[in-house]
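J.: Could you have a look at this structure, given as structure tokens, before my questions?
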Amino acid sequence: MDSFWGVADNMNGLTFTPAQNRAIQSAINPANMQVPTAIAGPAGSGKTLIATEIASTFASQTSLGGMLDSRNQQQVFFVTYTNELKRFVNDQLEETLGHDPESVEVSTVHMYLKKFLIKNDYGDFYFHNKITRREGVKKRRAFLEDYLTNADALGLTGALANASFLDEEIGWLLGQGIRSQQKYLTMSRTGRRTRLNKQQRDKVFQAYVEYMAYLRREGSRIGKKIIDYDDIGNQVLHHCEHHNCVPIASHLIIDEVQDLARTWIDALRKTTGGKIVYAGDPTQSIYGRGFTWRDVTGQRVRPIHLSEDFRITQQIYLAARSLMDFDKNSETEPGRDKQKRRNGDKPSLVFCKDKDSQTQKIVELVAKLRSDNPKCVIAVAAPRREYVNELRGRCHWALTTTLHSLKGLEADHVILANLDDDSFDFTNEYTQEDTNRHLLYVGMTRAKQTLTMMTSTNSPSPVLVELSADYIDIDDTENPEAHRALIKIRDSQARASRSSFEQLVKETVENEEAVEQAKNELQKASTEDSPESSTKARIAQLERELKKSQRLLRESEEKQRRQEDELRVYRAREKSDSAISTKPDEPMVRRPQFVDNATILILGGLGVKPKDISGIFKSVGLPRDAFEHLDYDDVHSGKFDARELLDTSEYSDIFVSTTPHSVKGIGNASSLAEFLEENERHLPKLKVFRGEDGVLKKASKTDLKEALYKSALYEAKMGI
């Protein structure tokens, strides 16, 4: 896992960087025992290593408070999400730290909470696992698939008729500790593409009630209580609410905390009377549980950030980091750009012609890597278990596993296979959107030396679009069609992003107008001579409306800013792939290139005063003088010649408002607007202001601002 330790203070024979040492000292400081410590850092930053060092220190120093066992030692527990990580931490405690592993008990979260419940007289129980399946108890997904056989009678359509959606939504309800139907109906639900109305939530909750009743019935049948995995936190919290629960840990270390549901974390707090240390990385959140450090710690605790990573090479870092260009989560920890890392080969992306070819390439690559260095560690991962099982008999001396199970581990060489649309897709139309991105990031950052990614069909996973071609070597000799398909996906997504931006521009401009109108009405009401009571009530109402308009404006401005950030990334990706020639799905207008100091030419009469135009340009972030305005008379004077605009590089855009029909240089065209539209491919970006009836109109302030946000000049100045 996190295999590097740095260059500062020595503990148990290891040295740590200043940031790592600061995290350790903060955690073990006797004055901080009742305050949680949060440790945040990117993959390879040493989070798990220093967490095990903290656990070891707690176990060996009885002066740090907490409960003592019969040997007069601290009762320290180290919990994490998966069995793979549990095994890794046990090895690290024993081998790397030279510590007696019995003094720190390492456990998965579920087994640890089960131990806590049993020690507090809850009684023994089954999790929903292979034991209960052998006794005929269906897992949640299987129950829901049967439940949906009556979908029509239950009125379940769309998302509600999808077992995957219901499975994840019920898991989320359990993880959030939502037992009340009323709470579910009224609470905010973020992180989903699909939004449910009250009636739909009613039906989801009914499925949840039926599932929980099923578990109770099956538990009675087999004579033992059955608990859903996602429900363990609720069971702990409910039991402690009605019983005097006794902690079992003097101190508790929680690793990979971003993988845990909120109720699990709340339950873990009930199990210890001493220090809690949280370690995690939001960028590696792959289970869609949502993440903020405030939710995790339950307090306003500022995490200690480990900004340096020590596992991956600079080349792997840059490639993995490029995925996070599209991430909108402010809590992500992608690492420090200017950190000095080891040099290595660029990661490679290989487009194979089919699965057989991909398998053969993997077998040959594993054999070569082993031949070069028999002691090297090789990991081969695929999205789905079926292909992993196929590979296990072919890839000797390599760890073969799923991408999810690869999480938390590391290898000298990592091969990620089957990155195709049909297999590498853990995001559907109902679920959160960043799962695939984070999962690919996790897989990429397991590699210490080399990283190879492969596809095996003509339809690569769309998430590969987010990798910058600047940082990967592409091999499409076997399947250039798959490579071209990826570029088309990118172009399609970029157009969709542009469309979203233009819609947000419209919302922003409309909200600006609403704020201005609300201010004017408030000012007018404040100066009216009317009875005092009615004036105060009217002013109070207008103040509320103004605050609402201002809030909506802030929200739309923030959304527009984020969309601009995304467009900048797409622009950069287009430049990276400039050497690849593909025919776009939609015809594009090829405009003349404009010079750096180009301006916007505004033709015709406007619905704003000429002296206000500069202020409008400034309000959208463009230079005040970045325009030339020729009003109606200027265009009609005979000095203006429309032909001079053809193939000009002097202007970035041409805005056309009310202009005369008779204009020099328009030939047989019936108007200037018609002439310009007929010759659009020889002109800068053209915007003609028309009313709903199609007739030219005087552009208002709102029209002008919206056009400026969508102008080629704005695109160039903002890099979008």
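Residues are referred to by chain and number: the chain letter is A, B, ... according to the order shown in the structure tokens, the number counts from 1 in that chain, and ligands are numbered separately from 1 in the order shown.
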Within 9 Å of segment 614-621 of chain A, counting only C-alpha atoms, which residues show up once you throw out same-chain ones fewer than 4 positions away? Write them as a PyMOL selection string, please.
T.: chain A and resi 610+625-627+701+704-705+708-709+714+717-718
J.: What's around Ala716 of chain A at 12 Å? Count only C-alpha atoms, leave out sequence neighbours fewer than 4 positions away in its own chain, and write the answer as a ChimeraX atom specification.
T.: /A:564,567-568,571,593-599,621-622,652-653,708-712,720
J.: What's the 8 Å shell around Ile253 of chain A, counting only C-alpha atoms, without same-chain residues fewer than 5 positions away, as a PyMOL selection string?
T.: chain A and resi 51+55+76-79+276-279
J.: Just the selected residues (N, CA and C atoms), exported as an mmCIF file, in the first residue's frame, please.
T.:
data_model
loop_
_atom_site.group_PDB
_atom_site.id
_atom_site.type_symbol
_atom_site.label_atom_id
_atom_site.label_comp_id
_atom_site.auth_asym_id
_atom_site.auth_seq_id
_atom_site.Cartn_x
_atom_site.Cartn_y
_atom_site.Cartn_z
ATOM 1 N N ALA A 51 -0.860 5.630 9.964
ATOM 2 C CA ALA A 51 -1.960 5.165 10.811
ATOM 3 C C ALA A 51 -1.530 3.948 11.621
ATOM 4 N N ALA A 55 -1.214 3.558 15.693
ATOM 5 C CA ALA A 55 -1.791 2.430 16.424
ATOM 6 C C ALA A 55 -0.740 1.743 17.277
ATOM 7 N N VAL A 76 -6.232 -1.282 21.521
ATOM 8 C CA VAL A 76 -6.216 -0.490 20.296
ATOM 9 C C VAL A 76 -6.781 -1.323 19.147
ATOM 10 N N PHE A 77 -7.705 -0.718 18.401
ATOM 11 C CA PHE A 77 -8.273 -1.379 17.234
ATOM 12 C C PHE A 77 -7.975 -0.547 15.990
ATOM 13 N N PHE A 78 -7.673 -1.250 14.920
ATOM 14 C CA PHE A 78 -7.438 -0.634 13.610
ATOM 15 C C PHE A 78 -8.486 -1.229 12.677
ATOM 16 N N VAL A 79 -9.396 -0.398 12.155
ATOM 17 C CA VAL A 79 -10.466 -0.919 11.305
ATOM 18 C C VAL A 79 -10.380 -0.322 9.910
ATOM 19 N N ILE A 276 -9.838 8.864 18.448
ATOM 20 C CA ILE A 276 -10.202 8.336 17.137
ATOM 21 C C ILE A 276 -9.348 9.031 16.086
ATOM 22 N N VAL A 277 -8.760 8.247 15.204
ATOM 23 C CA VAL A 277 -7.969 8.774 14.091
ATOM 24 C C VAL A 277 -8.615 8.329 12.790
ATOM 25 N N TYR A 278 -8.925 9.291 11.919
ATOM 26 C CA TYR A 278 -9.520 9.008 10.616
ATOM 27 C C TYR A 278 -8.477 9.246 9.525
ATOM 28 N N ALA A 279 -8.344 8.299 8.603
ATOM 29 C CA ALA A 279 -7.448 8.488 7.459
ATOM 30 C C ALA A 279 -8.218 8.194 6.181
#
J.: Quick one: everything within 10 Å of Arg551 of chain A, counting only C-alpha atoms, minus sequence neighbours fewer than 6 positions away in the same chain. Send it as a list in words.
T.: Asn511, Val515, Glu545 and Glu557 of chain A
J.: Pick out each residue of segment 437-489 of chain A that DSSP on the backbone tags as strand (DSSP E or B); I need them as a ChimeraX atom specification.
T.: /A:447-455,460,473-475
J.: Go ahead and write the residues just picked, all heavy atoms, as an mmCIF file, in the first residue's frame.
T.:
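Wrote it out as selection.cif, contents follow:
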data_model
loop_
_atom_site.group_PDB
_atom_site.id
_atom_site.type_symbol
_atom_site.label_atom_id
_atom_site.label_comp_id
_atom_site.auth_asym_id
_atom_site.auth_seq_id
_atom_site.Cartn_x
_atom_site.Cartn_y
_atom_site.Cartn_z
ATOM 1 N N ALA A 447 -0.042 1.598 -9.227
ATOM 2 C CA ALA A 447 1.182 1.219 -9.945
ATOM 3 C C ALA A 447 2.395 2.000 -9.447
ATOM 4 O O ALA A 447 2.362 3.230 -9.387
ATOM 5 C CB ALA A 447 0.995 1.451 -11.440
ATOM 6 N N LYS A 448 3.461 1.301 -9.131
ATOM 7 C CA LYS A 448 4.697 1.935 -8.668
ATOM 8 C C LYS A 448 5.669 2.209 -9.818
ATOM 9 O O LYS A 448 6.459 3.147 -9.757
ATOM 10 C CB LYS A 448 5.379 1.056 -7.620
ATOM 11 C CG LYS A 448 4.563 0.876 -6.346
ATOM 12 C CD LYS A 448 5.059 -0.259 -5.483
ATOM 13 C CE LYS A 448 6.466 -0.028 -4.961
ATOM 14 N NZ LYS A 448 6.897 -1.128 -4.068
ATOM 15 N N GLN A 449 5.641 1.364 -10.861
ATOM 16 C CA GLN A 449 6.619 1.524 -11.951
ATOM 17 C C GLN A 449 5.951 1.695 -13.310
ATOM 18 O O GLN A 449 6.210 2.680 -14.003
ATOM 19 C CB GLN A 449 7.563 0.312 -11.975
ATOM 20 C CG GLN A 449 8.432 0.173 -10.743
ATOM 21 C CD GLN A 449 9.351 -1.032 -10.823
ATOM 22 O OE1 GLN A 449 9.712 -1.499 -11.901
ATOM 23 N NE2 GLN A 449 9.725 -1.565 -9.668
ATOM 24 N N THR A 450 5.114 0.729 -13.700
ATOM 25 C CA THR A 450 4.482 0.828 -15.016
ATOM 26 C C THR A 450 2.985 0.602 -14.906
ATOM 27 O O THR A 450 2.505 -0.122 -14.030
ATOM 28 C CB THR A 450 5.058 -0.194 -16.022
ATOM 29 O OG1 THR A 450 4.665 -1.515 -15.633
ATOM 30 C CG2 THR A 450 6.568 -0.088 -16.101
ATOM 31 N N LEU A 451 2.267 1.211 -15.844
ATOM 32 C CA LEU A 451 0.814 1.095 -15.898
ATOM 33 C C LEU A 451 0.396 0.867 -17.343
ATOM 34 O O LEU A 451 0.772 1.621 -18.233
ATOM 35 C CB LEU A 451 0.162 2.378 -15.359
ATOM 36 C CG LEU A 451 -1.347 2.528 -15.568
ATOM 37 C CD1 LEU A 451 -2.109 1.458 -14.773
ATOM 38 C CD2 LEU A 451 -1.803 3.928 -15.166
ATOM 39 N N THR A 452 -0.385 -0.190 -17.559
ATOM 40 C CA THR A 452 -0.907 -0.501 -18.887
ATOM 41 C C THR A 452 -2.420 -0.621 -18.803
ATOM 42 O O THR A 452 -2.943 -1.341 -17.948
ATOM 43 C CB THR A 452 -0.328 -1.822 -19.419
ATOM 44 O OG1 THR A 452 1.097 -1.755 -19.410
ATOM 45 C CG2 THR A 452 -0.810 -2.083 -20.836
ATOM 46 N N MET A 453 -3.119 0.086 -19.667
ATOM 47 C CA MET A 453 -4.579 0.018 -19.734
ATOM 48 C C MET A 453 -4.987 -0.549 -21.082
ATOM 49 O O MET A 453 -4.360 -0.230 -22.100
ATOM 50 C CB MET A 453 -5.179 1.411 -19.528
ATOM 51 C CG MET A 453 -4.876 2.004 -18.162
ATOM 52 S SD MET A 453 -5.335 3.761 -18.010
ATOM 53 C CE MET A 453 -3.993 4.543 -18.925
ATOM 54 N N MET A 454 -6.027 -1.389 -21.091
ATOM 55 C CA MET A 454 -6.424 -2.056 -22.325
ATOM 56 C C MET A 454 -7.934 -2.025 -22.524
ATOM 57 O O MET A 454 -8.701 -2.098 -21.558
ATOM 58 C CB MET A 454 -5.973 -3.522 -22.317
ATOM 59 C CG MET A 454 -4.471 -3.726 -22.324
ATOM 60 S SD MET A 454 -4.053 -5.492 -22.434
ATOM 61 C CE MET A 454 -2.256 -5.396 -22.469
ATOM 62 N N THR A 455 -8.349 -1.942 -23.795
ATOM 63 C CA THR A 455 -9.743 -2.139 -24.184
ATOM 64 C C THR A 455 -9.795 -3.328 -25.134
ATOM 65 O O THR A 455 -8.789 -3.693 -25.748
ATOM 66 C CB THR A 455 -10.325 -0.902 -24.874
ATOM 67 O OG1 THR A 455 -9.725 -0.758 -26.175
ATOM 68 C CG2 THR A 455 -10.056 0.361 -24.061
ATOM 69 N N PRO A 460 -14.854 1.721 -26.397
ATOM 70 C CA PRO A 460 -14.154 1.939 -25.132
ATOM 71 C C PRO A 460 -15.011 2.695 -24.131
ATOM 72 O O PRO A 460 -15.963 3.389 -24.508
ATOM 73 C CB PRO A 460 -12.933 2.772 -25.551
ATOM 74 C CG PRO A 460 -13.335 3.435 -26.816
ATOM 75 C CD PRO A 460 -14.275 2.491 -27.503
ATOM 76 N N ASP A 473 0.807 7.025 -23.663
ATOM 77 C CA ASP A 473 1.188 6.505 -24.969
ATOM 78 C C ASP A 473 0.034 5.660 -25.496
ATOM 79 O O ASP A 473 -0.447 4.751 -24.795
ATOM 80 C CB ASP A 473 2.453 5.641 -24.854
ATOM 81 C CG ASP A 473 3.710 6.474 -24.686
ATOM 82 O OD1 ASP A 473 3.741 7.607 -25.196
ATOM 83 O OD2 ASP A 473 4.662 5.994 -24.038
ATOM 84 N N ILE A 474 -0.409 5.957 -26.697
ATOM 85 C CA ILE A 474 -1.564 5.272 -27.274
ATOM 86 C C ILE A 474 -1.105 4.298 -28.349
ATOM 87 O O ILE A 474 -0.346 4.654 -29.257
ATOM 88 C CB ILE A 474 -2.554 6.288 -27.863
ATOM 89 C CG1 ILE A 474 -3.144 7.146 -26.738
ATOM 90 C CG2 ILE A 474 -3.669 5.573 -28.632
ATOM 91 C CD1 ILE A 474 -4.051 8.253 -27.219
ATOM 92 N N ASP A 475 -1.557 3.049 -28.219
ATOM 93 C CA ASP A 475 -1.268 2.017 -29.213
ATOM 94 C C ASP A 475 -2.597 1.555 -29.806
ATOM 95 O O ASP A 475 -3.341 0.802 -29.188
ATOM 96 C CB ASP A 475 -0.532 0.849 -28.547
ATOM 97 C CG ASP A 475 -0.192 -0.264 -29.546
ATOM 98 O OD1 ASP A 475 -0.582 -0.160 -30.723
ATOM 99 O OD2 ASP A 475 0.450 -1.254 -29.122
#
J.: Between A:Arg490, A:His305, A:His413, A:Arg561, which is the closest to Pro18 of chain A once you count only C-alpha atoms?
T.: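 When distances to Pro18 of chain A are compared using only C-alpha atoms, the smallest one comes from A:His305.
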J.: Nearest to Arg498 of chain A among A:Glu715, A:Asp631, A:Glu84, A:Asp420, with distances taken over only C-alpha atoms: which residue is it?
T.: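 Among the listed residues, the smallest separation from Arg498 of chain A belongs to A:Glu715.
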J.: Would you mind listing what lies within 10 Å of His251 of chain A as a count of residues only, with only C-alpha atoms counted and same-chain residues fewer than 2 positions away left out?
T.: 26
J.: Applying 10 Å and only C-alpha atoms, which residues near Lys47 of chain A remain after dropping the ones on its own chain fewer than 2 positions away? List them as a PyMOL selection string.
T.: chain A and resi 1-3+20+23+39-45+49-53+255-256+278-281+305-306+309
J.: For the residues in that selection, give me N, CA and C atoms as a tab-separated table (two decimals), in the first residue's frame.
T.:
chain	number	residue	atom	x	y	z
A	1	MET	N	0.85	-1.19	0.00
A	1	MET	CA	0.00	0.00	0.00
A	1	MET	C	0.88	1.24	0.00
A	2	ASP	N	0.82	2.08	1.04
A	2	ASP	CA	1.63	3.29	1.09
A	2	ASP	C	3.03	2.91	1.55
A	3	SER	N	3.94	2.68	0.62
A	3	SER	CA	5.18	1.98	0.92
A	3	SER	C	6.34	2.89	1.27
A	20	GLN	N	4.04	14.00	7.56
A	20	GLN	CA	3.69	12.72	8.17
A	20	GLN	C	3.93	12.75	9.68
A	23	ALA	N	1.30	14.69	11.55
A	23	ALA	CA	0.07	13.92	11.74
A	23	ALA	C	0.21	12.96	12.91
A	39	ILE	N	-6.65	12.63	8.87
A	39	ILE	CA	-5.46	12.63	8.00
A	39	ILE	C	-5.93	12.44	6.57
A	40	ALA	N	-5.68	13.43	5.73
A	40	ALA	CA	-6.11	13.39	4.33
A	40	ALA	C	-4.88	13.38	3.43
A	41	GLY	N	-4.96	12.66	2.35
A	41	GLY	CA	-3.83	12.65	1.42
A	41	GLY	C	-4.11	11.80	0.21
A	42	PRO	N	-3.42	12.05	-0.89
A	42	PRO	CA	-3.64	11.29	-2.12
A	42	PRO	C	-3.07	9.89	-2.02
A	43	ALA	N	-3.32	9.08	-3.03
A	43	ALA	CA	-2.80	7.72	-3.06
A	43	ALA	C	-1.28	7.74	-2.96
A	44	GLY	N	-0.74	6.87	-2.09
A	44	GLY	CA	0.70	6.76	-1.96
A	44	GLY	C	1.34	7.78	-1.05
A	45	SER	N	0.54	8.52	-0.28
A	45	SER	CA	1.10	9.57	0.58
A	45	SER	C	1.49	9.05	1.96
A	49	LEU	N	0.50	3.81	6.43
A	49	LEU	CA	1.73	3.61	7.19
A	49	LEU	C	1.73	4.41	8.48
A	50	ILE	N	1.39	5.69	8.41
A	50	ILE	CA	1.42	6.48	9.64
A	50	ILE	C	0.26	6.12	10.55
A	51	ALA	N	-0.86	5.63	9.96
A	51	ALA	CA	-1.96	5.17	10.81
A	51	ALA	C	-1.53	3.95	11.62
A	52	THR	N	-0.77	3.03	11.01
A	52	THR	CA	-0.27	1.87	11.75
A	52	THR	C	0.77	2.29	12.78
A	53	GLU	N	1.56	3.30	12.46
A	53	GLU	CA	2.53	3.81	13.44
A	53	GLU	C	1.80	4.41	14.66
A	255	ASP	N	-9.18	3.52	8.84
A	255	ASP	CA	-8.51	3.76	7.56
A	255	ASP	C	-9.51	3.69	6.41
A	256	GLU	N	-9.18	4.35	5.29
A	256	GLU	CA	-10.05	4.39	4.11
A	256	GLU	C	-11.45	4.83	4.49
A	278	TYR	N	-8.92	9.29	11.92
A	278	TYR	CA	-9.52	9.01	10.62
A	278	TYR	C	-8.48	9.25	9.52
A	279	ALA	N	-8.34	8.30	8.60
A	279	ALA	CA	-7.45	8.49	7.46
A	279	ALA	C	-8.22	8.19	6.18
A	280	GLY	N	-8.10	9.06	5.19
A	280	GLY	CA	-8.85	8.82	3.96
A	280	GLY	C	-8.49	9.78	2.84
A	281	ASP	N	-9.07	9.51	1.69
A	281	ASP	CA	-8.82	10.29	0.49
A	281	ASP	C	-10.11	10.37	-0.32
A	305	HIS	N	-3.20	17.57	6.02
A	305	HIS	CA	-3.06	17.18	4.62
A	305	HIS	C	-1.65	16.69	4.34
A	306	LEU	N	-1.56	15.50	3.76
A	306	LEU	CA	-0.31	14.96	3.25
A	306	LEU	C	-0.32	15.20	1.75
A	309	ASP	N	2.89	12.47	-2.54
A	309	ASP	CA	2.72	11.03	-2.70
A	309	ASP	C	4.06	10.42	-3.11
J.: Fewer than 4 positions away in the same chain doesn't count, so skip those; otherwise give me all residues within 9 Å of Arg302 of chain A, counting only C-alpha atoms, as a count of residues only.
T.: 4
J.: Can you list, as a ChimeraX atom specification, all residues belonging to segment 130-340 of chain A that DSSP tags as helix (DSSP H, G or I)?
T.: /A:130-134,140-154,158-161,163-176,181-186,198-222,229-242,257-259,262-269,282-284,293-297,314-326
J.: In Å, with one decimal, what is the gap from atom CA of Leu542 of chain A to atom CA of Lys506 of chain A?
T.: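 Interatomic distance, atom CA of Leu542 of chain A to atom CA of Lys506 of chain A: 23.8 Å.
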J.: In Å, rounded to a single decimal, give me how far atom CA of Phe655 of chain A is from atom CA of Phe689 of chain A.
T.: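 Interatomic distance here is 7.5 Å.
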J.: Provide the atom CA of Ile600 of chain A to atom CA of Ile654 of chain A distance in Å, to one decimal place.
T.: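 Taking atom CA of Ile600 of chain A and atom CA of Ile654 of chain A, their separation equals 5.9 Å.
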J.: Using only C-alpha atoms, can you tell me which of A:Phe675, A:Tyr211, A:Tyr651, A:Tyr471 comes closest to Glu628 of chain A?
T.: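 Checking each of A:Phe675, A:Tyr211, A:Tyr651, A:Tyr471 against Glu628 of chain A, counting only C-alpha atoms, the winner is A:Tyr651.
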J.: When you count only C-alpha atoms, which of these residues is closest to Leu440 of chain A: A:Ser637, A:Asn668, A:Ser322, A:Thr457?
T.: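 Among the listed residues, A:Ser322 lies closest to Leu440 of chain A.
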